file entry28.cif (mmCIF, C-alpha atoms)
data_final
#
loop_
_atom_site.label_atom_id
_atom_site.label_comp_id
_atom_site.auth_asym_id
_atom_site.auth_seq_id
_atom_site.Cartn_x
_atom_site.Cartn_y
_atom_site.Cartn_z
CA MET A 1 80.12 19.17 25.75
CA THR A 2 79.16 22.67 24.58
CA ASP A 3 78.49 25.71 26.71
CA PRO A 4 74.84 26.77 26.95
CA VAL A 5 73.84 29.92 25.10
CA LEU A 6 73.62 32.72 27.65
CA THR A 7 71.26 35.62 27.03
CA VAL A 8 71.70 39.29 27.91
CA VAL A 9 68.65 40.72 29.64
CA ALA A 10 67.72 44.10 31.10
CA THR A 11 68.38 44.56 34.79
CA ARG A 12 65.48 44.75 37.25
CA PRO A 13 65.44 46.49 40.67
CA GLY A 14 65.46 43.15 42.46
CA ASP A 15 68.74 42.16 40.81
CA PHE A 16 70.88 44.58 42.81
CA ASP A 17 71.94 42.18 45.59
CA ASP A 18 73.14 39.56 43.12
CA ILE A 19 74.94 42.18 41.02
CA ALA A 20 76.65 43.63 44.09
CA GLN A 21 77.93 40.19 45.02
CA LEU A 22 79.32 39.70 41.51
CA ILE A 23 81.13 43.06 41.72
CA ALA A 24 82.49 42.29 45.19
CA ASP A 25 83.82 38.93 44.01
CA ALA A 26 85.30 40.34 40.80
CA PHE A 27 87.13 43.18 42.57
CA HIS A 28 88.10 41.10 45.62
CA HIS A 29 86.30 43.51 47.91
CA PRO A 30 84.57 42.32 51.09
CA THR A 31 80.89 43.08 51.32
CA ASP A 32 79.84 45.68 53.86
CA PRO A 33 76.12 46.16 54.66
CA GLU A 34 76.33 49.94 54.98
CA THR A 35 78.32 50.33 51.76
CA HIS A 36 75.84 48.01 50.07
CA GLU A 37 72.92 50.31 50.93
CA VAL A 38 74.81 53.45 49.94
CA GLU A 39 75.47 51.98 46.51
CA ARG A 40 71.89 50.75 46.17
CA ALA A 41 70.73 54.40 46.43
CA ILE A 42 72.50 55.40 43.19
CA PHE A 43 71.75 52.19 41.28
CA GLU A 44 69.81 52.74 38.03
CA PRO A 45 68.29 49.36 37.14
CA ASP A 46 66.86 50.61 33.85
CA ARG A 47 70.44 51.18 32.62
CA GLY A 48 71.82 47.76 33.43
CA LEU A 49 72.48 44.67 31.33
CA LEU A 50 73.13 41.28 32.89
CA VAL A 51 73.64 37.63 32.14
CA ARG A 52 72.48 34.80 34.38
CA ASP A 53 73.56 31.18 34.27
CA ALA A 54 71.49 28.69 36.26
CA GLY A 55 70.02 31.63 38.14
CA ALA A 56 73.34 33.24 39.14
CA VAL A 57 74.45 36.62 37.76
CA VAL A 58 77.67 35.93 35.84
CA ALA A 59 78.15 39.17 33.88
CA HIS A 60 76.91 42.74 34.19
CA ALA A 61 77.41 46.26 32.87
CA ALA A 62 75.53 49.45 33.71
CA ALA A 63 75.66 53.23 33.48
CA PHE A 64 74.74 56.26 35.55
CA THR A 65 72.84 59.17 34.03
CA ARG A 66 74.92 62.30 34.63
CA THR A 67 76.42 65.23 32.78
CA LEU A 68 80.16 65.71 32.31
CA THR A 69 82.09 68.96 32.04
CA VAL A 70 84.06 69.16 28.79
CA PRO A 71 86.03 72.10 27.36
CA GLY A 72 83.67 75.07 27.46
CA ALA A 73 80.46 73.11 28.06
CA THR A 74 78.70 70.29 29.86
CA VAL A 75 77.31 67.29 27.98
CA PRO A 76 75.12 64.31 28.91
CA ALA A 77 77.45 61.35 29.34
CA ALA A 78 76.76 57.72 30.13
CA HIS A 79 78.91 57.04 33.20
CA VAL A 80 79.67 53.36 32.61
CA THR A 81 80.07 51.34 35.78
CA MET A 82 79.64 48.01 37.58
CA VAL A 83 81.24 46.03 34.75
CA ALA A 84 82.27 42.51 35.68
CA VAL A 85 82.32 38.91 34.52
CA ALA A 86 82.43 36.00 36.95
CA THR A 87 85.73 34.13 37.09
CA THR A 88 83.94 30.96 36.02
CA HIS A 89 82.65 32.60 32.82
CA ARG A 90 85.70 34.40 31.45
CA ARG A 91 86.85 33.95 27.84
CA ARG A 92 83.33 33.34 26.59
CA GLY A 93 82.74 36.71 24.95
CA LEU A 94 80.34 37.99 27.62
CA LEU A 95 82.13 41.28 28.19
CA ARG A 96 82.31 41.93 24.46
CA THR A 97 78.61 41.21 24.08
CA LEU A 98 77.66 43.50 26.96
CA MET A 99 79.84 46.40 25.83
CA HIS A 100 78.67 46.19 22.21
CA ARG A 101 75.03 46.14 23.23
CA GLN A 102 75.49 48.96 25.73
CA LEU A 103 77.12 51.20 23.12
CA ARG A 104 74.38 50.44 20.64
CA GLU A 105 71.66 51.27 23.16
CA ILE A 106 73.37 54.54 24.17
CA HIS A 107 73.72 55.55 20.53
CA ASP A 108 70.17 54.66 19.56
CA ALA A 109 68.68 56.47 22.56
CA GLY A 110 70.25 59.67 21.18
CA ARG A 111 70.63 61.43 24.53
CA GLU A 112 74.30 60.96 25.36
CA PRO A 113 76.94 61.67 22.69
CA VAL A 114 79.74 60.23 24.83
CA ALA A 115 80.33 57.53 27.43
CA VAL A 116 82.95 57.74 30.17
CA LEU A 117 84.44 55.26 32.63
CA TRP A 118 87.29 54.38 34.98
CA ALA A 119 89.16 51.27 33.83
CA SER A 120 90.32 48.53 36.19
CA GLU A 121 92.95 47.71 33.56
CA GLY A 122 93.99 49.96 30.69
CA ARG A 123 94.11 47.15 28.13
CA ILE A 124 90.40 46.31 28.39
CA TYR A 125 88.44 49.22 26.94
CA PRO A 126 90.41 50.50 23.91
CA ARG A 127 89.06 47.52 21.96
CA PHE A 128 85.59 49.03 22.44
CA GLY A 129 86.67 52.47 21.23
CA TYR A 130 87.43 54.10 24.59
CA GLY A 131 90.39 56.48 24.63
CA LEU A 132 92.38 57.71 27.62
CA ALA A 133 91.06 61.26 27.91
CA ALA A 134 92.28 62.34 31.37
CA GLN A 135 95.24 61.29 33.44
CA ARG A 136 95.93 61.98 37.09
CA LEU A 137 98.78 62.32 39.50
CA ALA A 138 98.93 60.17 42.60
CA LEU A 139 100.80 62.18 45.24
CA GLU A 140 102.44 60.13 47.97
CA CYS A 141 104.47 62.43 50.18
CA PRO A 142 106.60 60.40 52.63
CA ALA A 143 107.76 63.29 54.82
CA THR A 144 105.54 66.37 55.04
CA THR A 145 107.99 67.93 57.49
CA GLU A 146 110.39 68.44 54.58
CA LEU A 147 107.95 70.59 52.59
CA ARG A 148 107.39 74.31 52.86
CA LEU A 149 104.60 76.42 51.41
CA PRO A 150 104.69 80.19 50.93
CA GLU A 151 103.16 82.52 53.46
CA PRO A 152 99.76 83.96 52.47
CA ALA A 153 100.09 87.08 50.32
CA SER A 154 96.88 88.59 51.67
CA ALA A 155 94.76 88.40 54.77
CA PRO A 156 93.63 84.77 54.93
CA GLY A 157 90.07 83.65 55.45
CA THR A 158 89.13 81.32 58.26
CA LEU A 159 89.51 77.57 58.41
CA ARG A 160 87.27 75.24 60.36
CA LEU A 161 86.47 71.54 60.51
CA ALA A 162 82.99 70.09 60.10
CA ALA A 163 81.18 66.84 59.47
CA PRO A 164 80.80 66.68 55.69
CA ALA A 165 77.13 65.67 55.69
CA THR A 166 76.15 68.75 57.71
CA GLU A 167 77.72 71.02 55.08
CA GLN A 168 76.33 69.29 51.98
CA PRO A 169 74.25 72.24 50.66
CA ARG A 170 77.20 74.64 50.88
CA LEU A 171 79.65 72.18 49.38
CA ALA A 172 77.22 71.53 46.54
CA ARG A 173 76.77 75.23 45.76
CA LEU A 174 80.52 75.82 45.55
CA TYR A 175 81.10 72.65 43.53
CA ASP A 176 78.33 73.54 41.06
CA ARG A 177 79.70 77.05 40.62
CA LEU A 178 83.19 75.79 39.83
CA ARG A 179 82.29 72.62 37.94
CA VAL A 180 81.58 74.38 34.65
CA GLU A 181 85.25 75.39 34.44
CA HIS A 182 86.74 71.97 35.12
CA PRO A 183 86.71 69.34 32.37
CA GLY A 184 86.32 65.91 33.89
CA TRP A 185 84.02 66.90 36.76
CA SER A 186 80.62 65.19 36.82
CA GLU A 187 77.26 66.54 37.86
CA ARG A 188 76.16 65.69 41.41
CA ASP A 189 72.49 65.72 42.34
CA GLU A 190 71.23 65.03 45.87
CA ARG A 191 71.69 61.27 45.46
CA TRP A 192 75.25 61.70 44.34
CA TRP A 193 76.14 64.10 47.12
CA ARG A 194 74.87 61.59 49.67
CA TYR A 195 76.99 58.94 47.97
CA VAL A 196 80.15 61.09 47.77
CA LEU A 197 79.86 62.15 51.41
CA SER A 198 78.94 58.73 52.75
CA ASP A 199 81.55 57.27 55.05
CA PRO A 200 80.83 53.67 56.03
CA PRO A 201 83.20 52.48 58.77
CA GLY A 202 84.01 49.42 56.68
CA GLU A 203 85.61 51.67 54.03
CA ARG A 204 87.94 53.63 56.33
CA ALA A 205 90.87 51.16 56.33
CA GLY A 206 91.76 52.02 59.91
CA GLY A 207 91.41 55.77 59.45
CA THR A 208 89.24 58.31 61.16
CA ALA A 209 85.83 59.40 59.96
CA ARG A 210 86.06 61.70 56.95
CA ARG A 211 86.25 65.40 57.76
CA ALA A 212 85.46 68.54 55.82
CA LEU A 213 87.99 71.35 56.03
CA LEU A 214 86.20 74.57 55.13
CA HIS A 215 87.76 77.84 54.02
CA GLU A 216 85.45 80.81 54.46
CA GLY A 217 85.90 84.40 53.33
CA PRO A 218 83.78 87.52 53.83
CA ASP A 219 81.24 86.30 51.27
CA GLY A 220 80.98 82.70 52.43
CA LEU A 221 82.56 79.38 51.52
CA THR A 222 85.51 79.69 49.13
CA GLY A 223 87.06 76.23 49.40
CA TYR A 224 86.89 72.83 51.02
CA ALA A 225 88.78 69.57 51.37
CA LEU A 226 87.48 66.11 52.19
CA TRP A 227 90.08 64.16 54.14
CA ARG A 228 90.79 61.71 56.92
CA SER A 229 93.81 60.74 58.97
CA ARG A 230 95.25 57.49 60.26
CA GLN A 231 97.47 57.11 63.28
CA GLU A 232 100.78 55.35 62.82
CA TRP A 233 103.76 55.23 65.14
CA GLN A 234 107.33 54.02 64.93
CA ARG A 235 109.84 53.59 67.70
CA THR A 236 111.16 57.07 66.87
CA GLY A 237 107.80 58.82 66.97
CA PRO A 238 104.55 59.50 65.05
CA THR A 239 104.28 58.80 61.32
CA GLY A 240 100.54 59.37 60.84
CA LEU A 241 98.93 59.64 57.41
CA VAL A 242 96.70 62.38 55.97
CA GLN A 243 94.53 60.94 53.19
CA VAL A 244 93.03 63.64 50.96
CA ASP A 245 90.04 62.70 48.82
CA GLU A 246 88.98 66.00 47.29
CA VAL A 247 90.09 69.64 47.21
CA VAL A 248 87.90 72.37 45.71
CA ALA A 249 88.93 76.02 45.86
CA ALA A 250 87.50 79.15 44.28
CA ASP A 251 90.70 81.20 44.49
CA PRO A 252 94.44 80.87 45.21
CA ASP A 253 94.09 82.12 48.79
CA ALA A 254 91.65 79.36 49.71
CA TYR A 255 93.74 76.73 47.91
CA LEU A 256 96.95 77.74 49.69
CA ALA A 257 95.30 77.92 53.12
CA ILE A 258 93.76 74.47 52.75
CA TRP A 259 97.02 72.84 51.71
CA ARG A 260 99.03 74.62 54.40
CA MET A 261 96.81 72.93 56.97
CA LEU A 262 96.70 69.51 55.33
CA LEU A 263 100.50 69.42 55.17
CA SER A 264 100.91 70.35 58.83
CA VAL A 265 98.47 68.16 60.77
CA ASP A 266 99.92 67.29 64.17
CA LEU A 267 101.33 63.76 64.62
CA THR A 268 101.30 63.07 60.88
CA ARG A 269 104.30 62.82 58.60
CA ARG A 270 102.82 61.46 55.36
CA LEU A 271 100.16 62.61 52.91
CA SER A 272 98.32 60.81 50.11
CA TYR A 273 96.25 62.42 47.36
CA THR A 274 95.55 60.08 44.47
CA ARG A 275 93.38 62.24 42.20
CA ALA A 276 95.49 65.33 41.58
CA ALA A 277 95.28 67.04 38.19
CA LEU A 278 98.30 67.12 35.89
CA ASP A 279 98.38 70.91 36.35
CA GLU A 280 97.78 70.71 40.12
CA PRO A 281 98.85 74.08 41.61
CA LEU A 282 100.38 72.33 44.64
CA LEU A 283 103.30 71.27 42.44
CA ARG A 284 104.08 74.98 41.92
CA LEU A 285 103.68 75.93 45.57
CA VAL A 286 105.83 73.52 47.56
CA ASP A 287 109.53 74.24 47.83
CA GLU A 288 110.49 70.69 46.81
CA PRO A 289 107.94 69.14 44.42
CA ARG A 290 109.95 65.93 44.19
CA ARG A 291 108.94 65.15 47.77
CA LEU A 292 105.31 64.93 46.63
CA GLY A 293 106.30 61.77 44.77
CA PRO A 294 103.96 62.34 41.81
CA GLN A 295 103.12 59.21 39.83
CA LEU A 296 101.29 59.46 36.52
CA MET A 297 98.21 57.24 36.28
CA ASP A 298 95.22 56.86 34.02
CA ALA A 299 91.84 58.28 35.01
CA LEU A 300 88.89 58.93 32.68
CA TRP A 301 88.37 56.98 29.47
CA VAL A 302 85.97 58.52 26.95
CA ARG A 303 84.07 56.82 24.17
CA VAL A 304 82.59 59.07 21.47
CA VAL A 305 79.21 57.49 20.74
CA ASP A 306 77.83 60.09 18.30
CA VAL A 307 80.65 61.81 16.41
CA PRO A 308 78.86 64.93 15.09
CA ALA A 309 76.92 65.55 18.31
CA ALA A 310 79.98 65.04 20.51
CA LEU A 311 82.36 67.21 18.50
CA ALA A 312 79.77 70.00 18.22
CA ALA A 313 79.00 69.92 21.95
CA ARG A 314 82.44 71.00 23.21
CA ARG A 315 84.32 74.24 22.58
CA TYR A 316 87.78 74.68 21.02
CA ALA A 317 90.68 76.76 22.24
CA THR A 318 91.30 78.35 18.84
CA ALA A 319 89.44 78.54 15.55
CA VAL A 320 89.36 75.22 13.73
CA ASP A 321 88.06 74.10 10.35
CA VAL A 322 89.16 70.58 9.55
CA VAL A 323 87.86 67.47 7.80
CA VAL A 324 88.52 64.25 9.72
CA GLU A 325 88.04 60.76 8.38
CA VAL A 326 86.87 58.54 11.25
CA THR A 327 86.63 54.76 11.45
CA ASP A 328 84.37 53.06 14.00
CA PRO A 329 83.82 49.32 13.51
CA LEU A 330 81.32 49.02 16.38
CA LEU A 331 79.10 51.99 15.49
CA PRO A 332 79.37 52.31 11.69
CA GLU A 333 77.21 55.45 11.76
CA ASN A 334 80.33 57.25 12.98
CA THR A 335 82.50 56.06 10.12
CA GLY A 336 83.11 58.60 7.37
CA ARG A 337 84.37 62.12 6.76
CA TRP A 338 83.29 64.86 9.14
CA ARG A 339 83.87 68.58 8.82
CA LEU A 340 84.44 70.23 12.19
CA THR A 341 84.17 74.01 12.32
CA GLY A 342 84.38 75.83 15.60
CA GLY A 343 86.19 77.86 18.20
CA PRO A 344 85.80 79.21 21.75
CA GLN A 345 82.17 80.27 21.18
CA GLY A 346 80.73 77.12 19.60
CA ALA A 347 81.12 74.45 16.97
CA THR A 348 79.36 72.50 14.24
CA CYS A 349 80.15 69.09 12.83
CA ALA A 350 78.54 67.52 9.77
CA ARG A 351 79.20 64.78 7.28
CA THR A 352 81.01 66.01 4.17
CA ASP A 353 82.34 64.92 0.81
CA TYR A 354 85.37 67.23 1.08
CA PRO A 355 88.78 65.52 1.06
CA ALA A 356 89.94 64.41 4.49
CA GLU A 357 92.83 66.30 6.09
CA LEU A 358 93.26 64.02 9.09
CA ALA A 359 92.38 60.34 9.63
CA CYS A 360 91.95 58.45 12.89
CA ASP A 361 89.79 55.89 14.65
CA VAL A 362 87.04 56.78 17.09
CA ARG A 363 89.29 55.96 20.05
CA CYS A 364 91.49 58.93 19.15
CA LEU A 365 88.51 61.25 19.30
CA GLY A 366 87.87 60.03 22.83
CA GLU A 367 91.45 60.77 23.83
CA LEU A 368 91.16 64.30 22.43
CA TYR A 369 87.75 65.02 23.83
CA LEU A 370 88.58 66.54 27.23
CA GLY A 371 91.48 68.62 25.95
CA GLY A 372 94.15 66.70 27.83
CA THR A 373 95.78 64.85 24.93
CA GLY A 374 97.76 66.52 22.16
CA LEU A 375 96.82 65.91 18.55
CA THR A 376 100.48 65.93 17.57
CA ALA A 377 101.28 63.36 20.27
CA LEU A 378 98.72 61.00 18.77
CA ALA A 379 100.19 61.62 15.33
CA ALA A 380 103.70 60.91 16.60
CA ALA A 381 102.41 57.60 17.93
CA GLY A 382 101.04 56.76 14.49
CA ARG A 383 97.46 56.96 15.72
CA VAL A 384 96.45 60.04 13.69
CA ARG A 385 97.48 60.43 10.04
CA GLU A 386 98.01 63.84 8.50
CA LEU A 387 96.60 63.69 4.97
CA ARG A 388 97.15 67.36 4.13
CA PRO A 389 100.53 68.79 5.19
CA GLY A 390 100.26 71.52 7.81
CA THR A 391 96.93 70.34 9.26
CA LEU A 392 98.42 69.09 12.52
CA ALA A 393 100.07 72.42 13.27
CA ALA A 394 96.96 74.35 12.33
CA ALA A 395 94.36 72.21 14.12
CA GLY A 396 96.37 70.86 17.04
CA PRO A 397 96.04 73.86 19.40
CA ALA A 398 92.26 73.92 18.97
CA PHE A 399 91.78 70.53 20.63
CA GLY A 400 93.62 71.60 23.80
CA TRP A 401 92.22 73.64 26.65
CA HIS A 402 93.53 76.13 29.18
CA ARG A 403 92.88 73.73 32.08
CA ALA A 404 93.90 70.07 32.24
CA PRO A 405 91.02 67.65 32.73
CA ALA A 406 90.79 66.69 36.37
CA PRO A 407 89.24 63.45 37.64
CA MET A 408 87.18 64.31 40.72
CA GLU A 409 85.65 60.99 41.74
CA ILE A 410 85.58 57.31 40.89
CA PHE A 411 82.11 56.08 39.98
#

call {"tool": "encode", "arguments": {"input": "entry28.cif", "output": "structure tokens"}}
result
Amino acid sequence: MTDPVLTVVATRPGDFDDIAQLIADAFHHPTDPETHEVERAIFEPDRGLLVRDAGAVVAHAAAFTRTLTVPGATVPAAHVTMVAVATTHRRRGLLRTLMHRQLREIHDAGREPVAVLWASEGRIYPRFGYGLAAQRLALECPATTELRLPEPASAPGTLRLAAPATEQPRLARLYDRLRVEHPGWSERDERWWRYVLSDPPGERAGGTARRALLHEGPDGLTGYALWRSRQEWQRTGPTGLVQVDEVVAADPDAYLAIWRMLLSVDLTRRLSYTRAALDEPLLRLVDEPRRLGPQLMDALWVRVVDVPAALAARRYATAVDVVVEVTDPLLPENTGRWRLTGGPQGATCARTDYPAELACDVRCLGELYLGGTGLTALAAAGRVRELRPGTLAAAGPAFGWHRAPAPMEIF
């Protein structure tokens, strides 16, 4: 008996409920009516691909239309999401078919030179050319009473608590002002702010409603944190948890004041912050960084869809003029030799007949794209080949950036 041929079709608005059920089943997540409606509000049916079998949705992949901050610029990026295959239909090539078609459609549309995603498992997406472009630190501090932060060096601003939704316009203005300096942060329009600040009771895992901690100076809002707490008690006393979702600060004073409060909430002894940057300043502020329990984890995976457009769109830390030979079996338009010329002020990238100085696959370009992966590290792993001696040392610093890419939200 042979399996029927299953066809990929474009998603329609009425497909959302079936898709949401597929995602809930695939990720072992109970359905919640309020969460369901929050997610429906950001759904883009014209960017989805699905497969049905006997009427049931058995595979799906989609993308959100947003821009992504990269070193020195922002670029349109397909934010790939809602990827799943039903348990009954695994090992039939459905994921491969969806991802290949999605990449082809993104490339041919010509609007987004890169795609970006969070991976449920790191082994899945490299085979489609995605490279690990940004990592994160998960901070799990088991005893906040053992940590000390420095006293403020200047007169502090004021701190106050608020319901996040009531402060959305102010949070958005501060976020937008700072976003251009933070590789890895994504654009948030009104729909996305409503999504980010939504707080369905079914998603709280026994915690309080989410709160906004605001830091205000003479000229207005200079920082905020989104957080919640959860009561826990042992026979010997309180062991409550502070769960931090997001910290945004315009200056060191605001950053220090926010963390001083989060690490000293009454009746709590533990703190969790799972999306800290690799260069998170908190690691340099506490008197015992080991107690933060940092664990390195993957975050954003980037797929370069249009090599010349992507490499020309970002900026480079130092002057660079290098010819790279790229291989891309899924999008052969990217395969070939490309001359990249650029620096902090701009860049160009064009096909060339000059001899290649470096060689790599398109996945490596994704890993380099946000400035968080070293060119020499990829070479040491055998992933980049130096064809002209001295090129790694000369070009390597250009692909870095003065700030580590920071994952701000899971989409």

call {"tool": "residues_near_point", "arguments": {"input": "entry28.cif", "point": "(74.8, 47.4, 53.1)", "cutoff": "12 Å", "atoms": "all atoms listed in the file", "output": "MDAnalysis selection string"}}
result
chainID A and resid 16:17 20:21 30:41 200:203

call {"tool": "atom_distance", "arguments": {"input": "entry28.cif", "atom1": "CA of Leu50 (chain A)", "atom2": "CA of Asp189 (chain A)"}}
result
26.2 Å

call {"tool": "residues_near_point", "arguments": {"input": "entry28.cif", "point": "(95.3, 62.2, 37.2)", "cutoff": "9 Å", "atoms": "all atoms listed in the file", "output": "list in words"}}
result
Ala134, Gln135, Arg136, Leu137, Ala138, Thr274, Arg275, Ala276, Ala277, Leu278, Gln295, Leu296, Met297, Asp298, Ala299, Leu300, Pro405, Ala406 and Pro407 of chain A

call {"tool": "atom_distance", "arguments": {"input": "entry28.cif", "atom1": "CA of Trp301 (chain A)", "atom2": "CA of Leu132 (chain A)"}}
result
4.5 Å

call {"tool": "closest_residue", "arguments": {"input": "entry28.cif", "among": "A:Arg188, A:Ala77, A:Arg104, A:Arg260", "to": "Asn334 (chain A)", "atoms": "all atoms listed in the file"}}
result
A:Arg104

call {"tool": "closest_residue", "arguments": {"input": "entry28.cif", "among": "A:Arg388, A:Arg339, A:Arg66, A:Arg210", "to": "Leu358 (chain A)", "atoms": "all atoms listed in the file"}}
result
A:Arg388

call {"tool": "atom_distance", "arguments": {"input": "entry28.cif", "atom1": "CA of Arg173 (chain A)", "atom2": "CA of Pro45 (chain A)"}}
result
28.6 Å

call {"tool": "resolve_selection", "arguments": {"input": "entry28.cif", "expression": "the PyMOL selection byres ((chain A and resi 186) around 6)", "output": "ChimeraX atom specification"}}
result
/A:67-68,185,187

call {"tool": "closest_residue", "arguments": {"input": "entry28.cif", "among": "A:Thr318, A:Thr65, A:Ser198, A:Thr74", "to": "Gly184 (chain A)", "atoms": "all atoms listed in the file"}}
result
A:Thr74

call {"tool": "resolve_selection", "arguments": {"input": "entry28.cif", "expression": "the PyMOL selection byres ((chain A and resi 129) around 7)", "output": "mmCIF file with C-alpha atoms, in the coordinates of the input"}}
result
data_model
loop_
_atom_site.group_PDB
_atom_site.id
_atom_site.type_symbol
_atom_site.label_atom_id
_atom_site.label_comp_id
_atom_site.auth_asym_id
_atom_site.auth_seq_id
_atom_site.Cartn_x
_atom_site.Cartn_y
_atom_site.Cartn_z
ATOM 1 C CA TYR A 125 88.440 49.220 26.940
ATOM 2 C CA PRO A 126 90.410 50.500 23.910
ATOM 3 C CA ARG A 127 89.060 47.520 21.960
ATOM 4 C CA PHE A 128 85.590 49.030 22.440
ATOM 5 C CA TYR A 130 87.430 54.100 24.590
ATOM 6 C CA GLY A 131 90.390 56.480 24.630
ATOM 7 C CA ARG A 303 84.070 56.820 24.170
ATOM 8 C CA VAL A 362 87.040 56.780 17.090
ATOM 9 C CA ARG A 363 89.290 55.960 20.050
#

call {"tool": "resolve_selection", "arguments": {"input": "entry28.cif", "expression": "the PyMOL selection byres ((chain A and resi 10) around 10)", "output": "list in words"}}
result
Val8, Val9, Thr11, Arg12, Asp15, Pro45, Asp46, Arg47, Gly48, Leu49, Leu50, Val51, His60 and Ala62 of chain A

call {"tool": "axis_aligned_box", "arguments": {"input": "entry28.cif", "around": "region 161-178 of chain A", "padding_each_side": "8 Å", "output": "lines of an AutoDock Vina configuration file"}}
result
center_x = 80.4
center_y = 71.4
center_z = 50.2
size_x = 28.2
size_y = 27.4
size_z = 36.7

call {"tool": "closest_residue", "arguments": {"input": "entry28.cif", "among": "A:Thr327, A:Val75, A:Val320, A:Gly390", "to": "Pro183 (chain A)", "atoms": "all atoms listed in the file"}}
result
A:Val75

call {"tool": "closest_residue", "arguments": {"input": "entry28.cif", "among": "A:Ala63, A:Ile42, A:Ala119, A:Leu139", "to": "Glu190 (chain A)", "atoms": "only C-alpha atoms"}}
result
A:Ile42

call {"tool": "closest_residue", "arguments": {"input": "entry28.cif", "among": "A:Leu285, A:Thr222, A:Ala143, A:Val302", "to": "Val242 (chain A)", "atoms": "only C-alpha atoms"}}
result
A:Ala143

call {"tool": "residues_around", "arguments": {"input": "entry28.cif", "residues": "Ala162 (chain A)", "least_positions_apart": "4", "cutoff": "9 Å", "atoms": "only C-alpha atoms", "output": "PyMOL selection string"}}
result
chain A and resi 166-167+211-214

call {"tool": "residues_around", "arguments": {"input": "entry28.cif", "residues": "region 217-220 of chain A", "least_positions_apart": "5", "cutoff": "8 Å", "atoms": "only C-alpha atoms", "output": "list in words"}}
result
Pro156, Gly157 and Thr158 of chain A

call {"tool": "residues_around", "arguments": {"input": "entry28.cif", "residues": "His402 (chain A)", "least_positions_apart": "3", "cutoff": "9 Å", "atoms": "all atoms listed in the file", "output": "PyMOL selection string"}}
result
chain A and resi 71+317+371

call {"tool": "write_last_selection", "arguments": {"input": "entry28.cif", "atoms": "C-alpha atoms", "output": "compact mmCIF listing (two decimals), in the coordinates of the input"}}
result
# COMPACT_ATOMS: atom_id res chain seq x y z
CA PRO A 71 86.03 72.10 27.36
CA ALA A 317 90.68 76.76 22.24
CA GLY A 371 91.48 68.62 25.95

call {"tool": "decode", "arguments": {"input": "entry28.cif", "residues": "region 105-118 of chain A", "atoms": "N, CA and C atoms", "output": "PDB file, in the first residue's frame"}}
result
ATOM      1  N   GLU A 105      10.070  30.841  -2.274  1.00  0.00           N
ATOM      2  CA  GLU A 105       9.111  31.940  -2.370  1.00  0.00           C
ATOM      3  C   GLU A 105       9.679  33.230  -1.780  1.00  0.00           C
ATOM      4  N   ILE A 106      10.409  33.120  -0.654  1.00  0.00           N
ATOM      5  CA  ILE A 106      11.024  34.316  -0.068  1.00  0.00           C
ATOM      6  C   ILE A 106      12.035  34.912  -1.035  1.00  0.00           C
ATOM      7  N   HIS A 107      12.862  34.054  -1.615  1.00  0.00           N
ATOM      8  CA  HIS A 107      13.877  34.536  -2.556  1.00  0.00           C
ATOM      9  C   HIS A 107      13.238  35.194  -3.767  1.00  0.00           C
ATOM     10  N   ASP A 108      12.257  34.539  -4.355  1.00  0.00           N
ATOM     11  CA  ASP A 108      11.667  35.060  -5.587  1.00  0.00           C
ATOM     12  C   ASP A 108      10.869  36.330  -5.358  1.00  0.00           C
ATOM     13  N   ALA A 109      10.323  36.517  -4.162  1.00  0.00           N
ATOM     14  CA  ALA A 109       9.600  37.752  -3.864  1.00  0.00           C
ATOM     15  C   ALA A 109      10.536  38.949  -3.834  1.00  0.00           C
ATOM     16  N   GLY A 110      11.812  38.724  -3.457  1.00  0.00           N
ATOM     17  CA  GLY A 110      12.827  39.764  -3.526  1.00  0.00           C
ATOM     18  C   GLY A 110      12.718  40.863  -2.490  1.00  0.00           C
ATOM     19  N   ARG A 111      11.969  40.648  -1.429  1.00  0.00           N
ATOM     20  CA  ARG A 111      11.795  41.694  -0.409  1.00  0.00           C
ATOM     21  C   ARG A 111      12.645  41.465   0.835  1.00  0.00           C
ATOM     22  N   GLU A 112      12.933  40.206   1.124  1.00  0.00           N
ATOM     23  CA  GLU A 112      13.610  39.868   2.382  1.00  0.00           C
ATOM     24  C   GLU A 112      14.895  39.099   2.071  1.00  0.00           C
ATOM     25  N   PRO A 113      16.056  39.704   2.300  1.00  0.00           N
ATOM     26  CA  PRO A 113      17.309  39.015   1.979  1.00  0.00           C
ATOM     27  C   PRO A 113      17.688  37.924   2.970  1.00  0.00           C
ATOM     28  N   VAL A 114      17.027  37.901   4.137  1.00  0.00           N
ATOM     29  CA  VAL A 114      17.328  36.875   5.132  1.00  0.00           C
ATOM     30  C   VAL A 114      16.032  36.359   5.747  1.00  0.00           C
ATOM     31  N   ALA A 115      16.111  35.159   6.303  1.00  0.00           N
ATOM     32  CA  ALA A 115      15.050  34.596   7.129  1.00  0.00           C
ATOM     33  C   ALA A 115      15.642  34.298   8.497  1.00  0.00           C
ATOM     34  N   VAL A 116      14.797  34.310   9.525  1.00  0.00           N
ATOM     35  CA  VAL A 116      15.279  34.104  10.891  1.00  0.00           C
ATOM     36  C   VAL A 116      14.246  33.280  11.643  1.00  0.00           C
ATOM     37  N   LEU A 117      14.708  32.439  12.560  1.00  0.00           N
ATOM     38  CA  LEU A 117      13.785  31.620  13.344  1.00  0.00           C
ATOM     39  C   LEU A 117      14.403  31.206  14.667  1.00  0.00           C
ATOM     40  N   TRP A 118      13.543  30.716  15.570  1.00  0.00           N
ATOM     41  CA  TRP A 118      13.950  29.995  16.773  1.00  0.00           C
ATOM     42  C   TRP A 118      13.747  28.510  16.462  1.00  0.00           C
TER      43      TRP A 118
END
